[in-house]
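Trainee: I have a structure here, written as structure tokens, and I will follow up with some questions on it.
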Amino acid sequence: MTAPLIDPFQRAISYLRVSVTDRCDFRCVYCMAEDMTFLPKRDLLTLEELDRLCSQFVALGVEKLRITGGEPLVRRDIMTFFRAMGRHLDSGQLKELTLTTNGSQLHRFADDLYACGVRRVNISLDTIDADKFAQITRWGRLENVLRGIDAAQKAGLRVKINAVALKGVNEDELLPITQWCAARDMDLTWIEVMPMGDLGNEDRLDQYWALSDLRKAYGAHYTLTELSERTGGPARYVRLEETGQKIGFITPLSHNFCESCNRVRLTCTGQLYMCLGQEDMADLRAPLRASAENAELEDAIRRAITLKPKGHDFDYSRQEVGGQMSRHMSHTGG
Ligand code: SAM
Ligand code: SF4
């Protein structure tokens, strides 16, 4: 038996988020600049390398894999990778294979994803108004995403909608989006917007909509019951008693979940980030490429896990940004 990955604070690492590309067919205003320069292809892990690396994590006890990006479904032949990970579901080593997507390509891949063993998808959608959608995503079209959602549900995938809360943008859609999700039997989670340093979008801060304010807005229309459910991540849940809906709230950089943090993040270039709010990372691409054997890679992973910090010190409040993320979500995968 191989020893599982346990960090210095006795947290078992059972969840890996993997960014498979930094590219995307959207340019969401809070995530990317319009004229993004992407990484040269040679820097990206190949699909075979991603397979080797993720399989090594699974061998070391990772039970949940979330594939993200950039937009994971724009990576060429990405189904080859999903199929490869599906074999770990078949063996029982992996309990869940899932992805976060903007939904634009989902109509093409929903059936294949189901066939690979994927049962749930998170689809990022901040508005159900076509014009607003075009403004937020710059290059996206709402109808494609709606088509993707239809295809996903038809294929048997459980859909969760992730919406970034943007003051003055989708504030007036709190109830319409909630009701739309209820009507389609989709879970809904709101994400607090994080300030990204270098997008030339300093007005982002004006759009900061504290999730505590969202809760209050819900409270004016529904009876809220706090749920004790925890996933080892930053999400907190309430139930709307009148509809029975479960609503999630993600404050990505709040401290209140660090003690149960079970996750690490792999970038598309093979860097492992031990904490979303800290810059510490370990390069796994070099040991991966250095040898066809996995011993060196396993060593590097174990060493990296010993560096997982207890928590992070990122701090920002409604009025003031105490820190800014210099890494884009599209790089670390959100
Ligand atoms: N392209 C896929 C998508 O949009 O779902 C996956 C990658 S995307 C980086 C993952 C998540 O990060 C999305 O739900 C997106 O809304 C969120 N995100 C990106 N930039 C953000 C920011 N500045 N603040 C909060 N969430 C952000
Ligand atoms: Fe692309 Fe997702 Fe970033 Fe939007 S949030 S630009 S869809 S990676």
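Labels used: A, B, ... for chains in the order of the structure tokens, numbers from 1 for residues in each chain, and numbers from 1 for ligands as shown.
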Using DSSP assignments from the backbone, pull out every residue in stretch 130-172 of chain A that falls under strand (DSSP E or B) and give it to me as number ranges by chain.

Mentor: A: 158-166

Trainee: Using 9 Å as the limit and counting only C-alpha atoms and all ligand atoms, can you tabulate each residue of chain A that touches ligand 2, with its shortest atom-to-atom distance in Å and the two atoms involved, as CSV?

Mentor:
residue,atom,partner,partner_atom_place_in_ligand_line,distance
A:Asp22,CA,ligand 2,8 (S),7.4
A:Arg23,CA,ligand 2,8 (S),7.2
A:Cys24,CA,ligand 2,1 (Fe),4.7
A:Asp25,CA,ligand 2,1 (Fe),6.4
A:Phe26,CA,ligand 2,6 (S),4.7
A:Arg27,CA,ligand 2,6 (S),4.1
A:Cys28,CA,ligand 2,6 (S),4.1
A:Val29,CA,ligand 2,6 (S),7.2
A:Tyr30,CA,ligand 2,5 (S),7.4
A:Cys31,CA,ligand 2,3 (Fe),4.6
A:Met32,CA,ligand 2,6 (S),5.4
A:Ala33,CA,ligand 2,6 (S),8.5
A:Thr68,CA,ligand 2,8 (S),8.2
A:Gly69,CA,ligand 2,8 (S),5.8
A:Gly70,CA,ligand 2,8 (S),3.7
A:Glu71,CA,ligand 2,8 (S),5.1
A:Pro72,CA,ligand 2,8 (S),8.5
A:Thr100,CA,ligand 2,2 (Fe),8.3
A:Thr101,CA,ligand 2,2 (Fe),6.7
A:Asn102,CA,ligand 2,7 (S),4.8
A:Gly103,CA,ligand 2,7 (S),8.3
A:Ser104,CA,ligand 2,7 (S),8.6
A:Ser124,CA,ligand 2,2 (Fe),7.2
A:Leu125,CA,ligand 2,7 (S),8.9
A:Ile136,CA,ligand 2,4 (Fe),8.5
A:Thr137,CA,ligand 2,4 (Fe),6.1
A:Arg138,CA,ligand 2,6 (S),8.8
A:Gly140,CA,ligand 2,7 (S),8.3
A:His328,CA,ligand 2,3 (Fe),8.4
A:Met329,CA,ligand 2,3 (Fe),6.8
A:Ser330,CA,ligand 2,8 (S),4.8
A:His331,CA,ligand 2,8 (S),8.4
A:Gly333,CA,ligand 2,8 (S),7.6
A:Gly334,CA,ligand 2,5 (S),8.2

Trainee: Please produce an output containing N, CA and C atoms for each residue in the selection, written as a short mmCIF file (atom, residue, chain, number, x, y, z; two decimals), in the first residue's frame.

Mentor:
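Wrote out-v1.cif, looks like this:
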data_model
loop_
_atom_site.label_atom_id
_atom_site.label_comp_id
_atom_site.auth_asym_id
_atom_site.auth_seq_id
_atom_site.Cartn_x
_atom_site.Cartn_y
_atom_site.Cartn_z
N ASP A 22 -4.80 27.08 -20.79
CA ASP A 22 -5.03 28.46 -20.35
C ASP A 22 -5.92 29.19 -21.37
N ARG A 23 -6.23 28.51 -22.49
CA ARG A 23 -7.01 29.18 -23.54
C ARG A 23 -8.50 29.13 -23.27
N CYS A 24 -9.21 30.01 -23.96
CA CYS A 24 -10.65 30.04 -23.76
C CYS A 24 -11.30 30.70 -24.96
N ASP A 25 -12.54 30.34 -25.23
CA ASP A 25 -13.28 30.97 -26.32
C ASP A 25 -14.11 32.16 -25.83
N PHE A 26 -14.04 32.46 -24.53
CA PHE A 26 -14.65 33.67 -23.99
C PHE A 26 -13.53 34.59 -23.49
N ARG A 27 -13.91 35.81 -23.18
CA ARG A 27 -12.97 36.76 -22.55
C ARG A 27 -13.70 37.47 -21.42
N CYS A 28 -14.15 36.71 -20.43
CA CYS A 28 -14.93 37.32 -19.35
C CYS A 28 -14.16 38.47 -18.73
N VAL A 29 -14.86 39.56 -18.49
CA VAL A 29 -14.19 40.80 -18.10
C VAL A 29 -13.42 40.69 -16.80
N TYR A 30 -13.90 39.81 -15.87
CA TYR A 30 -13.23 39.69 -14.57
C TYR A 30 -12.12 38.66 -14.60
N CYS A 31 -11.95 37.99 -15.75
CA CYS A 31 -11.00 36.87 -15.80
C CYS A 31 -9.86 37.12 -16.77
N MET A 32 -10.17 37.71 -17.92
CA MET A 32 -9.14 37.86 -18.95
C MET A 32 -9.20 39.25 -19.57
N ALA A 33 -8.03 39.68 -20.07
CA ALA A 33 -8.01 40.87 -20.90
C ALA A 33 -8.49 40.46 -22.30
N THR A 68 -10.57 21.76 -15.27
CA THR A 68 -10.97 23.14 -15.49
C THR A 68 -9.96 23.79 -16.43
N GLY A 69 -9.96 25.13 -16.48
CA GLY A 69 -9.04 25.80 -17.39
C GLY A 69 -8.85 27.24 -16.94
N GLY A 70 -8.68 28.06 -17.91
CA GLY A 70 -9.18 28.23 -19.27
C GLY A 70 -10.45 27.43 -19.50
N GLU A 71 -10.79 27.23 -20.73
CA GLU A 71 -11.99 26.43 -21.00
C GLU A 71 -11.55 25.01 -21.37
N PRO A 72 -11.81 24.04 -20.50
CA PRO A 72 -11.30 22.69 -20.74
C PRO A 72 -11.77 22.09 -22.06
N THR A 100 -15.49 21.98 -14.69
CA THR A 100 -16.07 23.32 -14.67
C THR A 100 -15.90 23.89 -16.06
N THR A 101 -17.00 24.32 -16.64
CA THR A 101 -16.96 24.75 -18.04
C THR A 101 -17.83 25.98 -18.25
N ASN A 102 -17.53 26.72 -19.29
CA ASN A 102 -18.41 27.85 -19.62
C ASN A 102 -19.62 27.38 -20.44
N GLY A 103 -19.63 26.12 -20.81
CA GLY A 103 -20.81 25.53 -21.45
C GLY A 103 -20.89 25.72 -22.96
N SER A 104 -19.99 26.52 -23.51
CA SER A 104 -20.13 26.86 -24.94
C SER A 104 -19.99 25.63 -25.86
N SER A 124 -20.53 27.78 -15.63
CA SER A 124 -20.43 29.16 -15.18
C SER A 124 -21.34 30.03 -16.02
N LEU A 125 -22.27 30.68 -15.38
CA LEU A 125 -23.23 31.52 -16.09
C LEU A 125 -23.68 32.62 -15.13
N ILE A 136 -20.52 40.64 -20.54
CA ILE A 136 -19.64 40.05 -19.53
C ILE A 136 -18.59 39.15 -20.18
N THR A 137 -19.01 38.32 -21.12
CA THR A 137 -18.09 37.31 -21.68
C THR A 137 -17.33 37.84 -22.91
N ARG A 138 -17.71 38.99 -23.38
CA ARG A 138 -17.18 39.63 -24.59
C ARG A 138 -17.42 38.78 -25.85
N GLY A 140 -18.83 35.51 -25.89
CA GLY A 140 -19.75 34.38 -25.74
C GLY A 140 -21.15 34.69 -26.24
N HIS A 328 -3.97 34.64 -12.73
CA HIS A 328 -5.34 34.62 -13.20
C HIS A 328 -5.97 33.29 -12.87
N MET A 329 -7.29 33.34 -12.67
CA MET A 329 -8.03 32.11 -12.44
C MET A 329 -7.89 31.17 -13.64
N SER A 330 -7.72 31.75 -14.83
CA SER A 330 -7.63 30.89 -16.01
C SER A 330 -6.31 30.12 -16.01
N HIS A 331 -5.36 30.56 -15.19
CA HIS A 331 -4.09 29.85 -15.10
C HIS A 331 -4.18 28.73 -14.07
N GLY A 333 -7.02 27.77 -12.69
CA GLY A 333 -8.25 27.01 -12.86
C GLY A 333 -9.36 27.37 -11.89
N GLY A 334 -9.22 28.48 -11.18
CA GLY A 334 -10.32 28.96 -10.37
C GLY A 334 -10.61 28.08 -9.16
#

Trainee: Can you pull out every residue from stretch 228-311 of chain A that DSSP, working from the backbone, puts in helix (DSSP H, G or I), and format the result as a list in words?

Mentor: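 Put together, the selection reads Cys258, Glu259, Ser260, Arg285, Ala286, Pro287, Leu288, Arg289, Ala290, Ala295, Glu296, Leu297, Glu298, Asp299, Ala300, Ile301, Arg302, Arg303, Ala304, Ile305 and Thr306 of chain A.
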
Trainee: If you keep C-alpha atoms, can you produce a file of those selected residues as a compact mmCIF listing (two decimals), in the first residue's frame?

Mentor:
# COMPACT_ATOMS: atom_id res chain seq x y z
CA CYS A 258 -8.54 26.49 5.55
CA GLU A 259 -8.50 24.02 8.42
CA SER A 260 -10.45 21.48 6.39
CA ARG A 285 6.81 19.21 -15.07
CA ALA A 286 10.57 18.88 -14.67
CA PRO A 287 10.44 15.60 -12.69
CA LEU A 288 7.71 14.39 -15.02
CA ARG A 289 9.86 15.01 -18.08
CA ALA A 290 13.10 13.90 -16.44
CA ALA A 295 9.67 7.54 -8.58
CA GLU A 296 11.04 11.06 -9.09
CA LEU A 297 7.57 12.41 -9.75
CA GLU A 298 6.15 10.79 -6.62
CA ASP A 299 8.98 12.29 -4.58
CA ALA A 300 8.30 15.74 -6.01
CA ILE A 301 4.57 15.45 -5.22
CA ARG A 302 5.24 14.33 -1.65
CA ARG A 303 7.74 17.17 -1.16
CA ALA A 304 5.23 19.67 -2.51
CA ILE A 305 2.51 18.50 -0.12
CA THR A 306 4.84 19.07 2.84

Trainee: I'd like the neighbourhood of A:Glu143 as a list in words, where a residue qualifies if any of its atoms comes within 12 Å (using only C-alpha atoms), though same-chain residues fewer than 5 positions away should be ignored.

Mentor: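 Here the qualifying residues turn out to be Gly103, Ser104, Gln105, Leu106, His107, Leu125, Thr127, Ile128, Asp129, Ala130, Asp131, Phe133, Ala134, Gly148, Ile149 and Asp150 of chain A.
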
Trainee: Which of these, A:Ala282, A:Val264, A:Leu188, A:Leu89, has the shortest distance to ligand 1 once you count only C-alpha atoms and all ligand atoms?

Mentor: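 Once distances to ligand 1 are computed over only C-alpha atoms and all ligand atoms, the minimum belongs to A:Leu188.
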
Trainee: Any idea what's packed within 12 Å of A:Lys64, counting only C-alpha atoms, ignoring anything in its chain fewer than 6 positions away? Could you give it as a ChimeraX atom specification?

Mentor: /A:13-18,54-55,57-58,85-86,88-89,92-99,118,120,231-232,262-265

Trainee: Residues of the last selection are to be written out with N, CA and C atoms, as a compact mmCIF listing (two decimals), in the first residue's frame.

Mentor:
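Result written to part39.txt:
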# COMPACT_ATOMS: atom_id res chain seq x y z
N ILE A 13 -4.96 14.95 1.40
CA ILE A 13 -5.21 15.60 0.10
C ILE A 13 -5.95 14.60 -0.79
N SER A 14 -7.24 14.87 -0.97
CA SER A 14 -8.06 13.91 -1.72
C SER A 14 -8.68 14.53 -2.97
N TYR A 15 -8.39 15.80 -3.19
CA TYR A 15 -9.08 16.52 -4.27
C TYR A 15 -8.04 17.31 -5.08
N LEU A 16 -8.01 17.02 -6.37
CA LEU A 16 -7.09 17.73 -7.28
C LEU A 16 -7.90 18.45 -8.34
N ARG A 17 -7.62 19.73 -8.49
CA ARG A 17 -8.22 20.50 -9.60
C ARG A 17 -7.14 20.68 -10.65
N VAL A 18 -7.49 20.39 -11.88
CA VAL A 18 -6.49 20.39 -12.94
C VAL A 18 -6.90 21.33 -14.05
N CYS A 54 -1.90 12.97 -13.32
CA CYS A 54 -3.15 12.77 -12.57
C CYS A 54 -3.23 11.33 -12.07
N SER A 55 -2.78 10.39 -12.85
CA SER A 55 -2.83 8.98 -12.42
C SER A 55 -1.95 8.78 -11.20
N PHE A 57 -1.35 11.06 -8.91
CA PHE A 57 -2.12 11.61 -7.78
C PHE A 57 -3.19 10.61 -7.33
N VAL A 58 -3.84 9.99 -8.29
CA VAL A 58 -4.89 9.01 -7.93
C VAL A 58 -4.25 7.85 -7.17
N MET A 85 -9.02 9.16 -17.69
CA MET A 85 -9.34 9.28 -16.26
C MET A 85 -10.53 8.38 -15.90
N GLY A 86 -11.38 8.12 -16.89
CA GLY A 86 -12.52 7.24 -16.65
C GLY A 86 -12.08 5.86 -16.18
N HIS A 88 -9.89 5.16 -14.06
CA HIS A 88 -9.72 5.15 -12.60
C HIS A 88 -11.07 5.10 -11.88
N LEU A 89 -12.12 5.60 -12.56
CA LEU A 89 -13.46 5.44 -11.99
C LEU A 89 -13.84 3.96 -12.05
N GLY A 92 -12.36 2.03 -9.39
CA GLY A 92 -12.85 2.37 -8.05
C GLY A 92 -11.89 3.26 -7.27
N GLN A 93 -10.69 3.51 -7.83
CA GLN A 93 -9.73 4.36 -7.11
C GLN A 93 -10.21 5.81 -7.07
N LEU A 94 -10.80 6.23 -8.18
CA LEU A 94 -11.32 7.59 -8.27
C LEU A 94 -12.82 7.54 -8.02
N LYS A 95 -13.30 8.45 -7.13
CA LYS A 95 -14.73 8.44 -6.80
C LYS A 95 -15.51 9.39 -7.70
N GLU A 96 -14.85 10.49 -8.11
CA GLU A 96 -15.59 11.44 -8.93
C GLU A 96 -14.69 12.16 -9.92
N LEU A 97 -15.20 12.25 -11.15
CA LEU A 97 -14.52 12.99 -12.22
C LEU A 97 -15.52 14.05 -12.67
N THR A 98 -15.08 15.29 -12.62
CA THR A 98 -16.05 16.34 -12.93
C THR A 98 -15.35 17.50 -13.64
N LEU A 99 -16.12 18.47 -14.12
CA LEU A 99 -15.47 19.60 -14.77
C LEU A 99 -16.22 20.90 -14.52
N VAL A 118 -18.39 10.90 -16.18
CA VAL A 118 -18.73 12.19 -15.55
C VAL A 118 -20.23 12.19 -15.24
N ARG A 120 -21.55 14.93 -13.02
CA ARG A 120 -21.95 16.29 -12.63
C ARG A 120 -21.06 17.29 -13.35
N THR A 231 -17.61 20.79 2.05
CA THR A 231 -16.96 19.95 1.04
C THR A 231 -15.45 20.05 1.12
N GLY A 232 -14.94 20.65 2.18
CA GLY A 232 -13.50 20.85 2.27
C GLY A 232 -13.05 22.08 1.50
N ASN A 262 -8.81 20.28 1.59
CA ASN A 262 -8.37 18.95 1.15
C ASN A 262 -7.82 18.98 -0.27
N ARG A 263 -7.54 20.17 -0.80
CA ARG A 263 -7.31 20.27 -2.24
C ARG A 263 -6.01 20.95 -2.62
N VAL A 264 -5.53 20.59 -3.78
CA VAL A 264 -4.41 21.29 -4.40
C VAL A 264 -4.76 21.52 -5.87
N ARG A 265 -4.05 22.43 -6.51
CA ARG A 265 -4.38 22.80 -7.88
C ARG A 265 -3.17 22.65 -8.80

Trainee: Of the candidates A:Leu272, A:Ile78, A:Cys261, A:Leu44, which one gets nearest to A:Gln10 if we count only C-alpha atoms?

Mentor: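 Among the listed residues, the smallest separation from A:Gln10 belongs to A:Cys261.
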
Trainee: Name all residues at most 9 Å from stretch 218-221 of chain A (count only C-alpha atoms; drop same-chain ones fewer than 3 positions away) and give them as a list in words.

Mentor: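 Here the qualifying residues turn out to be Leu174, Leu175, Asp213, Leu214, Arg215, Leu224 and Leu240 of chain A.
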
Trainee: What is the atom CA of A:Phe257 to atom CA of A:Leu65 distance in Å?

Mentor: 19.3 Å

Trainee: If you count only C-alpha atoms, which residues fall within 10 Å of stretch 46-49 of chain A, apart from same-chain ones fewer than 2 positions away, as a list in words?

Mentor: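 Counting only C-alpha atoms, the residues come to Val20, Lys41, Arg42, Asp43, Leu44, Asp51, Arg52, Leu53, Cys54, Ser55, Arg75, Arg76, Asp77, Ile78, Met79, Thr80, Phe81, Phe82, Ala84, Cys268, Thr269, Gly270, Arg285, Leu288 and Arg289 of chain A.
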
Trainee: Of the residues A:Ile123, A:Leu199, A:Leu227, A:Ala292, which is the one nearest to ligand 1, using only C-alpha atoms and all ligand atoms?

Mentor: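 Nearest candidate to ligand 1 out of A:Ile123, A:Leu199, A:Leu227, A:Ala292: A:Ile123.
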
Trainee: Measuring atom to atom with only C-alpha atoms, identify which of A:Glu192, A:Asp112, A:Asp126, A:Asp283 is nearest to A:Leu211.

Mentor: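 Result for the nearest residue to A:Leu211: A:Glu192.
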